[in-house]
Structure formats: structure tokens, C-alpha cells
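Q: Hey, dropping entry.txt in here, compact mmCIF, C-alpha atoms and all ligand atoms:
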# COMPACT_ATOMS: atom_id res chain seq x y z
CA MET A 5 61.42 148.69 47.21
CA ALA A 6 61.18 152.43 46.78
CA VAL A 7 58.34 154.15 44.97
CA PHE A 8 57.60 157.27 46.95
CA THR A 9 55.49 158.87 44.20
CA GLU A 10 53.07 156.95 41.98
CA VAL A 11 53.30 157.89 38.28
CA GLU A 12 50.27 157.45 36.00
CA PHE A 13 50.99 155.45 32.85
CA GLY A 14 49.36 158.21 30.76
CA GLU A 15 51.65 160.90 32.11
CA ALA A 16 54.79 158.82 31.48
CA ASP A 17 53.53 157.95 28.00
CA ALA A 18 52.96 161.62 27.17
CA LEU A 19 56.49 162.40 28.36
CA VAL A 20 58.30 159.74 26.33
CA GLN A 21 56.31 160.70 23.24
CA ARG A 22 57.22 164.38 23.71
CA LEU A 23 60.88 163.35 23.98
CA GLY A 24 60.57 161.59 20.63
CA LEU A 25 60.98 158.06 21.98
CA GLY A 26 57.70 156.64 20.64
CA PRO A 27 54.78 155.26 22.66
CA LEU A 28 55.37 153.83 26.13
CA ARG A 29 54.87 150.07 26.30
CA GLU A 30 55.52 149.32 29.95
CA LEU A 31 56.07 151.21 33.20
CA ARG A 32 57.20 149.24 36.25
CA GLY A 33 58.21 150.44 39.75
CA ILE A 34 61.77 149.37 40.61
CA GLU A 35 62.75 147.40 43.71
CA GLY A 36 65.79 148.70 45.52
CA GLY A 37 67.06 152.22 46.05
CA ILE A 38 66.18 154.35 49.01
CA GLU A 39 66.45 157.94 47.83
CA ASN A 40 64.32 158.42 44.74
CA THR A 41 61.31 156.99 42.95
CA ASN A 42 62.44 154.81 40.03
CA TYR A 43 60.54 153.10 37.24
CA PHE A 44 61.71 150.98 34.33
CA ALA A 45 60.10 152.53 31.23
CA THR A 46 60.02 150.53 28.01
CA ALA A 47 59.30 152.73 24.99
CA GLU A 48 59.22 151.93 21.32
CA SER A 49 62.78 153.20 20.91
CA GLY A 50 64.40 151.49 23.89
CA GLU A 51 64.67 150.86 27.62
CA PHE A 52 64.90 153.73 30.08
CA VAL A 53 64.80 154.49 33.79
CA LEU A 54 62.44 157.22 34.94
CA THR A 55 63.59 158.81 38.20
CA LEU A 56 61.59 161.25 40.31
CA PHE A 57 63.76 163.11 42.78
CA GLU A 58 62.32 163.11 46.27
CA ARG A 59 64.91 165.13 48.15
CA LEU A 60 67.06 166.91 45.60
CA SER A 61 65.85 170.23 44.26
CA ALA A 62 65.62 171.47 40.67
CA GLU A 63 68.60 173.75 41.47
CA GLN A 64 70.81 170.86 42.60
CA LEU A 65 69.95 168.40 39.84
CA PRO A 66 71.59 169.92 36.73
CA TYR A 67 75.00 169.11 38.23
CA TYR A 68 74.25 165.37 38.42
CA LEU A 69 72.48 165.05 35.09
CA CYS A 70 75.07 167.05 33.18
CA LEU A 71 77.86 165.08 34.84
CA MET A 72 76.27 161.83 33.64
CA LYS A 73 76.02 163.22 30.13
CA HIS A 74 79.63 164.45 30.27
CA LEU A 75 80.92 161.04 31.39
CA ALA A 76 78.80 159.12 28.89
CA GLY A 77 80.22 161.40 26.20
CA ARG A 78 83.72 160.41 27.33
CA GLY A 79 82.94 156.73 26.86
CA LEU A 80 82.35 155.86 30.53
CA PRO A 81 79.57 153.27 31.11
CA VAL A 82 77.16 155.80 32.60
CA PRO A 83 73.44 156.19 31.75
CA GLU A 84 72.94 159.11 29.40
CA PRO A 85 69.96 161.31 30.28
CA VAL A 86 67.47 162.13 27.50
CA ALA A 87 67.24 165.85 26.66
CA ASP A 88 63.98 167.80 26.48
CA PRO A 89 63.95 169.39 23.02
CA ALA A 90 61.87 172.28 24.39
CA ILE A 91 64.70 173.47 26.68
CA GLN A 92 67.70 175.36 25.33
CA PRO A 93 70.99 174.12 26.83
CA PRO A 94 73.06 176.95 28.35
CA SER A 95 75.33 178.64 25.86
CA GLY A 96 78.70 180.28 26.43
CA HIS A 97 82.12 178.97 27.37
CA ALA A 98 81.94 175.65 29.17
CA LEU A 99 84.03 176.86 32.11
CA THR A 100 81.50 179.56 32.95
CA ILE A 101 78.41 177.37 33.55
CA PRO A 102 77.01 177.82 37.10
CA ALA A 103 76.05 174.54 38.83
CA ASN A 104 72.35 175.39 38.67
CA ALA A 105 72.11 176.86 35.16
CA PRO A 106 69.00 175.62 33.28
CA CYS A 107 69.41 172.11 32.07
CA GLU A 108 67.73 170.42 29.12
CA LEU A 109 68.04 167.07 30.94
CA LEU A 110 65.84 168.07 33.87
CA LEU A 111 62.17 167.11 33.42
CA LYS A 112 59.06 167.36 35.58
CA VAL A 113 56.78 164.38 36.31
CA ALA A 114 53.93 164.18 38.85
CA GLY A 115 54.94 167.62 40.03
CA LYS A 116 58.46 166.45 40.93
CA PRO A 117 61.80 167.12 39.25
CA ALA A 118 62.61 164.06 37.15
CA ALA A 119 64.97 162.53 34.60
CA LEU A 120 64.73 159.83 31.99
CA VAL A 121 68.01 158.00 31.51
CA GLN A 122 69.19 155.14 29.39
CA ARG A 123 68.77 151.72 31.06
CA LEU A 124 72.12 149.96 31.41
CA SER A 125 72.55 146.28 30.76
CA GLY A 126 73.98 143.83 33.22
CA ARG A 127 73.49 142.85 36.81
CA SER A 128 74.98 144.00 40.11
CA GLU A 129 77.46 141.60 41.71
CA LEU A 130 76.65 141.63 45.40
CA ALA A 131 79.42 139.16 46.28
CA PRO A 132 82.34 140.58 44.29
CA GLY A 133 85.70 138.87 43.93
CA THR A 134 89.09 140.36 43.16
CA ALA A 135 88.38 140.45 39.41
CA HIS A 136 85.28 142.62 39.98
CA CYS A 137 87.34 144.92 42.21
CA THR A 138 89.96 145.21 39.48
CA GLU A 139 87.32 146.31 36.98
CA LEU A 140 85.88 148.75 39.50
CA GLY A 141 89.22 150.31 40.48
CA ALA A 142 90.26 151.00 36.90
CA MET A 143 86.87 152.44 35.97
CA LEU A 144 86.85 154.69 39.06
CA ALA A 145 90.20 156.22 38.15
CA ARG A 146 89.13 156.67 34.53
CA MET A 147 86.01 158.42 35.75
CA HIS A 148 87.98 160.79 37.97
CA LEU A 149 90.21 161.76 35.08
CA ALA A 150 87.33 162.08 32.59
CA ALA A 151 85.45 164.47 34.91
CA ARG A 152 88.40 166.82 35.40
CA ASP A 153 87.11 169.31 32.82
CA PHE A 154 83.45 169.04 33.80
CA PRO A 155 82.38 172.67 33.88
CA ARG A 156 79.98 172.78 36.87
CA ILE A 157 80.92 172.77 40.55
CA GLN A 158 78.67 171.65 43.37
CA PRO A 159 79.89 170.43 46.77
CA ASN A 160 79.23 166.93 47.99
CA LEU A 161 75.90 167.60 49.73
CA ARG A 162 76.56 164.63 52.05
CA GLY A 163 79.97 166.00 53.02
CA LEU A 164 81.40 167.39 56.26
CA ALA A 165 78.88 170.25 56.60
CA TRP A 166 76.02 167.74 56.42
CA TRP A 167 77.72 165.45 58.95
CA ASN A 168 78.07 168.38 61.35
CA ASP A 169 74.38 169.25 60.90
CA THR A 170 73.08 165.69 61.10
CA VAL A 171 75.06 164.13 63.95
CA PRO A 172 73.13 166.19 66.55
CA VAL A 173 69.89 165.02 64.92
CA VAL A 174 70.75 161.31 65.21
CA LEU A 175 72.54 161.44 68.61
CA PRO A 176 69.28 160.99 70.59
CA TYR A 177 68.89 157.55 68.94
CA ALA A 178 72.44 156.41 69.78
CA ASP A 179 73.50 154.58 72.93
CA GLU A 180 76.36 155.96 75.04
CA SER A 181 79.17 154.19 73.24
CA GLN A 182 77.77 155.04 69.79
CA ALA A 183 77.30 158.68 70.77
CA ALA A 184 80.89 158.86 72.02
CA LEU A 185 82.18 157.39 68.77
CA LEU A 186 80.04 159.71 66.62
CA ARG A 187 81.24 162.79 68.52
CA ALA A 188 84.90 161.74 68.54
CA GLU A 189 84.96 160.82 64.87
CA LEU A 190 83.23 164.01 63.83
CA ALA A 191 85.81 166.03 65.78
CA TYR A 192 88.61 164.04 64.14
CA GLN A 193 87.20 164.61 60.65
CA ASN A 194 86.81 168.35 61.27
CA HIS A 195 90.43 168.42 62.36
CA ILE A 196 91.58 166.51 59.25
CA ALA A 197 89.57 168.80 56.96
CA GLU A 198 91.48 171.80 58.30
CA SER A 199 94.91 170.28 57.69
CA SER A 200 97.27 171.34 54.91
CA ALA A 201 97.61 167.69 53.82
CA TYR A 202 93.84 167.58 53.21
CA ALA A 203 93.96 170.85 51.26
CA ALA A 204 96.61 169.25 49.02
CA LEU A 205 94.42 166.31 47.99
CA PRO A 206 93.44 166.28 44.31
CA ARG A 207 89.72 166.73 43.82
CA GLY A 208 86.98 167.02 41.22
CA PRO A 209 83.54 165.56 40.54
CA VAL A 210 83.15 162.23 42.36
CA HIS A 211 80.35 159.65 42.46
CA ALA A 212 80.53 159.28 46.27
CA ASP A 213 78.14 156.30 46.47
CA MET A 214 79.70 153.68 44.18
CA PHE A 215 78.50 150.68 46.15
CA ARG A 216 78.09 147.16 44.79
CA ASP A 217 74.42 147.81 44.06
CA ASN A 218 75.19 150.84 41.88
CA VAL A 219 77.46 148.99 39.44
CA MET A 220 76.57 146.40 36.78
CA PHE A 221 78.54 143.60 35.18
CA ALA A 222 77.82 141.72 31.94
CA THR A 223 75.63 138.68 32.24
CA GLY A 224 75.43 135.70 29.94
CA GLU A 225 79.11 135.59 29.02
CA HIS A 226 80.72 132.15 28.87
CA ALA A 227 81.55 130.42 32.15
CA GLY A 228 85.00 131.39 33.36
CA ALA A 229 85.04 134.68 31.43
CA ALA A 230 86.56 137.60 33.36
CA PRO A 231 83.89 139.95 34.73
CA ARG A 232 83.20 142.97 32.53
CA LEU A 233 81.85 146.14 34.11
CA THR A 234 78.93 147.44 32.01
CA GLY A 235 77.56 150.32 34.01
CA VAL A 236 77.59 152.69 36.97
CA PHE A 237 74.45 154.56 37.93
CA ASP A 238 72.89 156.55 40.79
CA PHE A 239 74.94 159.73 40.52
CA TYR A 240 72.62 161.61 42.86
CA PHE A 241 75.13 161.77 45.71
CA ALA A 242 77.88 163.01 43.40
CA GLY A 243 79.67 166.26 44.09
CA THR A 244 82.97 168.01 43.97
CA ASP A 245 85.12 166.34 46.60
CA THR A 246 88.48 164.61 46.98
CA TRP A 247 89.18 161.66 44.72
CA LEU A 248 90.53 159.88 47.79
CA PHE A 249 87.15 160.07 49.53
CA ASP A 250 85.53 158.43 46.50
CA LEU A 251 88.15 155.67 46.53
CA ALA A 252 87.56 155.17 50.28
CA VAL A 253 83.80 154.82 49.74
CA CYS A 254 84.52 152.03 47.24
CA LEU A 255 87.06 150.25 49.47
CA ASN A 256 84.60 150.38 52.39
CA ASP A 257 81.96 148.58 50.36
CA TRP A 258 83.76 146.38 47.82
CA ALA A 259 86.61 145.27 50.06
CA ILE A 260 84.76 144.64 53.31
CA ASP A 261 83.37 141.46 54.81
CA LEU A 262 79.70 142.38 55.10
CA SER A 263 79.07 140.12 58.08
CA THR A 264 81.86 141.55 60.27
CA GLY A 265 82.80 144.89 58.73
CA GLU A 266 86.40 143.64 58.46
CA HIS A 267 88.83 144.71 55.76
CA ASP A 268 89.38 142.17 52.95
CA ALA A 269 93.02 142.62 51.94
CA GLU A 270 92.84 140.68 48.66
CA ARG A 271 89.94 142.63 47.26
CA ALA A 272 91.36 145.93 48.57
CA ASP A 273 94.72 145.20 46.92
CA ALA A 274 93.02 144.40 43.61
CA LEU A 275 90.89 147.55 43.68
CA LEU A 276 93.74 149.86 44.65
CA ALA A 277 96.27 148.33 42.25
CA ALA A 278 93.82 148.71 39.33
CA TYR A 279 93.08 152.30 40.34
CA GLU A 280 96.80 153.06 40.43
CA THR A 281 97.44 151.57 37.00
CA VAL A 282 95.31 154.46 35.68
CA ARG A 283 96.09 157.17 38.25
CA PRO A 284 98.75 156.61 40.93
CA LEU A 285 98.00 158.15 44.33
CA ASN A 286 100.28 161.00 45.40
CA ALA A 287 102.06 161.26 48.77
CA ALA A 288 99.27 163.28 50.44
CA GLU A 289 96.69 160.69 49.35
CA ARG A 290 98.77 157.82 50.70
CA ALA A 291 99.13 159.58 54.02
CA LEU A 292 95.43 160.36 54.35
CA LEU A 293 93.95 157.09 53.09
CA PRO A 294 93.32 155.76 56.65
CA ALA A 295 91.58 159.02 57.61
CA MET A 296 89.42 158.96 54.48
CA LEU A 297 88.43 155.33 55.10
CA ARG A 298 87.15 156.53 58.47
CA ALA A 299 85.42 159.52 56.84
CA ALA A 300 83.65 157.29 54.33
CA ALA A 301 82.48 154.92 57.08
CA LEU A 302 81.23 157.83 59.19
CA ARG A 303 79.36 159.34 56.24
CA PHE A 304 77.27 156.21 55.66
CA TRP A 305 76.79 155.45 59.33
CA ILE A 306 75.26 158.91 59.78
CA SER A 307 73.03 158.68 56.69
CA ARG A 308 71.85 155.20 57.63
CA LEU A 309 71.05 156.33 61.19
CA TRP A 310 69.17 159.26 59.74
CA ASP A 311 67.20 157.16 57.24
CA PHE A 312 66.51 154.48 59.84
CA HIS A 313 65.30 156.69 62.70
CA LEU A 314 63.71 159.47 60.66
CA PRO A 315 62.16 157.55 57.74
CA ARG A 316 59.97 159.02 55.02
CA GLU A 317 56.67 157.68 53.73
CA ALA A 318 57.15 155.21 50.86
CA SER A 319 54.90 152.68 49.24
CA MET A 320 57.94 150.39 48.81
CA LEU A 321 60.95 150.72 51.07
CA LYS A 322 63.90 148.65 52.30
CA PRO A 323 66.07 150.53 54.84
CA HIS A 324 69.81 149.88 55.13
CA ASP A 325 71.28 148.64 58.41
CA PRO A 326 73.17 151.42 60.28
CA ALA A 327 75.02 148.93 62.51
CA HIS A 328 77.06 147.76 59.52
CA PHE A 329 78.83 151.10 59.13
CA GLU A 330 79.30 151.43 62.87
CA ARG A 331 81.28 148.14 62.65
CA VAL A 332 83.22 149.36 59.62
CA LEU A 333 84.09 152.61 61.36
CA ARG A 334 85.29 150.80 64.48
CA GLU A 335 87.43 148.51 62.27
CA ARG A 336 88.91 151.54 60.46
CA VAL A 337 89.67 153.30 63.76
CA TYR A 338 91.22 150.22 65.46
CA HIS A 339 93.18 149.02 62.41
CA PRO A 340 94.37 152.17 60.61
CA HIS A 341 97.29 150.50 58.84
CA VAL A 342 95.47 147.72 57.00
CA MET A 343 96.04 149.39 53.63
CA ALA A 344 99.72 150.14 54.22
CA GLN A 345 101.03 147.02 52.49
CA SER A 346 98.65 147.54 49.53
CA LEU A 347 100.31 150.84 48.63
CA GLU A 348 103.21 150.35 46.25
CA PRO A 349 106.26 152.37 47.29
CA LEU A 350 106.27 155.77 45.58
CA ALA A 351 108.63 156.01 42.62
CA ALA A 352 111.71 158.08 43.60
N1 LIG B 401 70.34 153.44 34.46
C1 LIG B 401 69.97 152.29 35.02
N2 LIG B 401 70.03 151.14 34.31
C2 LIG B 401 69.62 149.98 34.84
N3 LIG B 401 69.09 149.85 36.06
C3 LIG B 401 68.99 150.95 36.81
C4 LIG B 401 69.43 152.23 36.35
N4 LIG B 401 69.18 153.14 37.30
C5 LIG B 401 68.63 152.48 38.32
N5 LIG B 401 68.50 151.16 38.03
C6 LIG B 401 67.89 150.13 38.89
O1 LIG B 401 67.11 150.78 39.88
C7 LIG B 401 67.51 150.40 41.19
C8 LIG B 401 67.39 151.58 42.12
O2 LIG B 401 68.17 152.65 41.63
P1 LIG B 401 69.00 153.61 42.58
O3 LIG B 401 69.58 154.68 41.72
O4 LIG B 401 69.93 152.82 43.43
O5 LIG B 401 67.85 154.22 43.49
P2 LIG B 401 67.97 155.33 44.61
O6 LIG B 401 68.40 156.58 43.93
O7 LIG B 401 66.61 155.42 45.18
O8 LIG B 401 68.97 154.86 45.59
C9 LIG B 401 68.91 149.88 41.01
O9 LIG B 401 69.25 148.92 41.96
C10 LIG B 401 68.88 149.27 39.61
O10 LIG B 401 68.37 147.96 39.65
N1 LIG B 402 74.62 153.34 49.33
C1 LIG B 402 74.13 153.95 50.52
C2 LIG B 402 72.80 154.60 50.48
C3 LIG B 402 72.22 154.97 49.16
O1 LIG B 402 71.51 153.87 48.69
P1 LIG B 402 71.46 153.50 47.14
O2 LIG B 402 70.56 152.34 47.08
O3 LIG B 402 70.94 154.74 46.51
O4 LIG B 402 72.86 153.23 46.72
C4 LIG B 402 74.15 152.96 51.70
O5 LIG B 402 74.38 151.78 51.46
O6 LIG B 402 73.95 153.39 52.83
Translate the structure described by the file into C-alpha cells.
A:
Amino acid sequence: MAVFTEVEFGEADALVQRLGLGPLRELRGIEGGIENTNYFATAESGEFVLTLFERLSAEQLPYYLCLMKHLAGRGLPVPEPVADPAIQPPSGHALTIPANAPCELLLKVAGKPAALVQRLSGRSELAPGTAHCTELGAMLARMHLAARDFPRIQPNLRGLAWWNDTVPVVLPYADESQAALLRAELAYQNHIAESSAYAALPRGPVHADMFRDNVMFATGEHAGAAPRLTGVFDFYFAGTDTWLFDLAVCLNDWAIDLSTGEHDAERADALLAAYETVRPLNAAERALLPAMLRAAALRFWISRLWDFHLPREASMLKPHDPAHFERVLRERVYHPHVMAQSLEPLAA
């Protein structure tokens, strides 16, 4: 469970009343999550999630919150943040908004930057089948397209620069074989990032952490009904990056056997085919998919090593297992062609 900062009921009540949502009825710390403090907040006018940001700064947050609002406005199942009526949204032409321009969605609670977002319905499916992967793949592609005209730009803060900074920090905790793999993979990813094929990849705002536990499906529908995706949350690792990296993050979580780290071809096929019904991959993306699957595995191996060996204080905390992404990375390095048969031949 992760509540790094305790919030007084009275302070949360004053906030929801100021935002015009009526009195607060209940405030409950949320289990799960490792980055931020989260509470379910039930107010007279509805159900919300109150998030206090523990690592991200007030300069970085407008990008995430405005992206959520942008996507919700385009009909994507994303929690819409509640605006503070006391803050003027930036004016001017949408294309000119700097990433850190003042944002009416950014609040302050217990001295920390915070947001209050709509609570989504549904439940995460931690053992997804092909039908869940189909829903996910189509939604991911729709999200990429819907974010194309989002007017702020902010790099993926857990991208290559962060990997280069953080690998030396975690190396002292790695054994010889792990250290060799971390160094070799980092060198490989730096090499890929300098290639012309990489420069040709389409990019835009991406979620970059769309794991099983950050997606919800409808509950209570009749037995045998096809799964229906009802929400995606936790946009706080989002950033401007390649769409292919985002797809690779999903494949490495939704289409992997969690006990072995092995590729699951059926689920991968379903996810990729659904993605391509909305947005077919181009030739550069097809060529670099194996490299991006490795990049996505490396990214989460590093962050898990970092969280595991350099933990923060928390009154409720459940760390993720770094060894899982070490296994996934080894699988991706040893079996680079597993996705080849999932890619439909390019139309002539
Ligand atoms: N908008 C939302 N609607 C419903 N539940 C949410 C929402 N946001 C977060 N949650 C719940 O809170 C938990 C932790 O949120 P998460 O964003 O993953 O935390 P962290 O940012 O710390 O990783 C999720 O597993 C989910 O149960
Ligand atoms: N999904 C990442 C870490 C972030 O955790 P989340 O609970 O915020 O999704 C991982 O599994 O390492």
C-alpha cells in the first residue's frame, strides 16, 4: 500500500468544497501504487481520487494533468482532473503552451502538489486473456492518435537520459552477470537511439506505464460477455516518446508469462493485431520492435532496482520485484524474433 503523506480529513473536505463538489463524506488511503500518495475521496457530487505527488514537481505536473483532460475530452476512458476555479487556464493559441505553463488542474494538499481526478469504474484484470489484450491494443492506438494535437511537450522523464543516470546508481547492488547485462543493454540502447531508423519512428505523448494494474475493465456484466475496457489511469510516467516504446511496454506486461518472463504469442498477437486495426505500424516500427521490447524491459528493470535498493519512507508500501524484468530482458535479448510472425506483411 502506498500512502507516503497523511492527509487530514478536514483539509480534504475544505478542498472538495472549494472545488464545488459538496462536502466530503469519506477519505480512504488506497492500496497499491508505488509512486504517489492516493486516496479515494467520496464527496456529495461523486467519487474521486486524490493524488499527492511525491516525486514529480509542480513544473512537471501540468503536462500529465492537461494530457488526461485532453484525452478525456476526446472520449478516451481517462480520469478527468477537476479544475480549480481560482486559477486561470493559460490563454493563447494551443500550439504555443509551454509544458510547465500554469495549470488550473494542479492543486496543493498537505504542502505537496496534488490533483483530484474522477474515479473510474471497473476492476483491473491481473490475468488477462486475448480478449483483454484486444481491447487494450485498440485503445492504445486510439490514445496515440487522440494525443497527436496535444499542445504541450515534455520528454519521458524515465527515458534514456534517466537510464544513463540511474544505471551507475544501481550497479553496486547487481551481481557480475546482472551488471554485465545492464552495461551491455544500456550501450545497445544508446546506439539504437542514435540511429536514423530510431529518428524515423512516429512519436507523441505516450502513457509509458500501461500495465495490467493501470487499466480497468467493466465488472458485473453477464457471464460470457466480452471484456470491456472502462479506464486507464496513472499518467504520471507519461511523456513525449515513440509510440513503439509505449506499445513495447504493453507487450512486455500484457503478453508475458509472469512466472517465467516468457513471451505469450497468443496475447501478443491479439494486442498487436488490435493496435494495427486502428494504426498500422510503419516499416521503421516493424524493424525496431525487438529493440524497443528490450528498451521497455530495461526501463522497468532499472526503476525496480532503484525502488528496491533505494526505497523511500512510506506508511504503506509494496515494492515490485526487479528480477521479473531481468528475466523479461534476457528473454527479449535471446529471442529477438518472437514477434516476427505477429506482424502482418506490409501492404505493397
Ligand atoms: N482514477 C482512478 N479511478 C479508480 N481507481 C484509481 C484511479 N486512480 C488510481 N486508482 C486506484 O489507486 C491505485 C493506485 O494508483 P496508481 O496510480 O497506480 O498509484 P501510483 O501512482 O502510486 O503508482 C490503483 O491501483 C487503483 O486501484
Ligand atoms: N508499473 C511499474 C511501476 C509503476 O508502478 P504503478 O503501480 O504506478 O504502475 C512496474 O511495474 O515496475
Q: What does the list of residues within 7 Å of ligand LIG 402 (chain B) look like if you count only C-alpha atoms and all ligand atoms, written as a PyMOL selection string?
A: chain A and resi 36-39+213+215+217-218+238+304+307-308+324
Q: In terms of the shortest atom-to-atom distance over all atoms listed in the file, which of A:Thr46, A:Gln345, A:Ser125, A:Thr244 is closest to ligand LIG 401 (chain B)?
A: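 Looking at the shortest contact to ligand LIG 401 (chain B), the residue is A:Ser125.
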Q: Could I get the residue neighbourhood of ligand LIG 401 (chain B) at 8 Å, counting only C-alpha atoms and all ligand atoms, as number ranges by chain?
A: A: 6, 34-44, 52-53, 55, 82-83, 121-128, 217-218, 235-240
Q: Compile the contact shell of range 161-174 of chain A as a PyMOL selection string: residues with an atom at most 8 Å away, counting all atoms listed in the file, same-chain residues fewer than 2 positions apart removed.
A: chain A and resi 159+176-178+186-187+190+193-194+241+243+303+306+309-310+313
Q: Using all atoms listed in the file, which of A:Leu23, A:Leu248, A:Leu302, A:Ala62 sits nearest Gln182 in chain A?
A: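 Checking each candidate against Gln182 in chain A, we get A:Leu302 as the closest.
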Q: Can you pull out every residue within 8 Å of range 135-142 of chain A, counting all atoms listed in the file, but drop anything in the same chain fewer than 6 positions away, and send it as a JSON list (two decimals) with C-alpha atoms, keeping the file's coordinate frame?
A:
[["chain", "number", "residue", "atom", "x", "y", "z"],
["A", 230, "ALA", "CA", 86.56, 137.60, 33.36],
["A", 231, "PRO", "CA", 83.89, 139.95, 34.73],
["A", 232, "ARG", "CA", 83.20, 142.97, 32.53],
["A", 233, "LEU", "CA", 81.85, 146.14, 34.11],
["A", 258, "TRP", "CA", 83.76, 146.38, 47.82],
["A", 259, "ALA", "CA", 86.61, 145.27, 50.06],
["A", 271, "ARG", "CA", 89.94, 142.63, 47.26],
["A", 272, "ALA", "CA", 91.36, 145.93, 48.57],
["A", 274, "ALA", "CA", 93.02, 144.40, 43.61],
["A", 275, "LEU", "CA", 90.89, 147.55, 43.68],
["A", 276, "LEU", "CA", 93.74, 149.86, 44.65],
["A", 277, "ALA", "CA", 96.27, 148.33, 42.25],
["A", 278, "ALA", "CA", 93.82, 148.71, 39.33],
["A", 279, "TYR", "CA", 93.08, 152.30, 40.34],
["A", 280, "GLU", "CA", 96.80, 153.06, 40.43],
["A", 281, "THR", "CA", 97.44, 151.57, 37.00],
["A", 282, "VAL", "CA", 95.31, 154.46, 35.68]]
Q: What is the distance, in Å and to one decimal place, between CA of Leu111 in chain A and CA of Ala151 in chain A?
A: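 That distance, rounded to one decimal, is 23.5 Å.
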Q: Take every atom of range 182-191 of chain A listed in the file, fit an axis-aligned box around them, add 4 Å per side, and give the centre and edge lengths in Å to one decimal as lines of an AutoDock Vina configuration file.
A:
center_x = 81.6
center_y = 160.5
center_z = 67.9
size_x = 16.5
size_y = 19.0
size_z = 16.2
Q: From the set A:Ala45, A:Ala150, A:Val210, A:Ala295, which residue has the shortest atom-to-atom contact distance to His195 in chain A, counting only C-alpha atoms?
A: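 Of A:Ala45, A:Ala150, A:Val210, A:Ala295, the one nearest His195 in chain A, counting only C-alpha atoms, is A:Ala295.
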Q: Extract, using only C-alpha atoms, all DNA, RNA and protein residues at most 7 Å from Ala288 in chain A, discarding same-chain residues fewer than 4 positions from it, and format them as a ChimeraX atom specification.
A: /A:201,204-205,292
Q: Using only C-alpha atoms, determine which residues lie at most 8 Å from Glu108 in chain A, disregarding the query and same-chain residues fewer than 6 positions distant; provide the list as a PyMOL selection string.
A: chain A and resi 87-93
Q: Counting all atoms listed in the file, select every polymer residue within 6 Å of (95.6, 152.6, 49.1) as defined in the file's coordinates, and provide the selection as a PyMOL selection string.
A: chain A and resi 276+343+346-347
Q: Measuring between all atoms listed in the file, which one of A:Leu262, A:Ile157, A:Leu31, A:Ala114 shows the shortest distance to Cys70 in chain A?
A: A:Ile157
Q: For Arg207 in chain A, work out the shell of residues within 7 Å, counting all atoms listed in the file and skipping chain neighbours fewer than 3 positions away, then give it as number ranges by chain.
A: A: 244-247
Q: In Å, rounded to a single decimal, give me how far CA of Cys254 in chain A is from CA of Ala188 in chain A.
A: 23.4 Å
Q: Tell me, in Å to one decimal, how far CA of Asp261 in chain A is from CA of Glu225 in chain A.
A: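 Result for CA of Asp261 in chain A versus CA of Glu225 in chain A: 26.8 Å, one decimal.
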Q: In terms of the shortest atom-to-atom distance over only C-alpha atoms, which of A:Ala242, A:Leu110, A:Ala118, A:Ala222 is closest to His148 in chain A?
A: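 Using only C-alpha atoms, His148 in chain A sits closest to A:Ala242.
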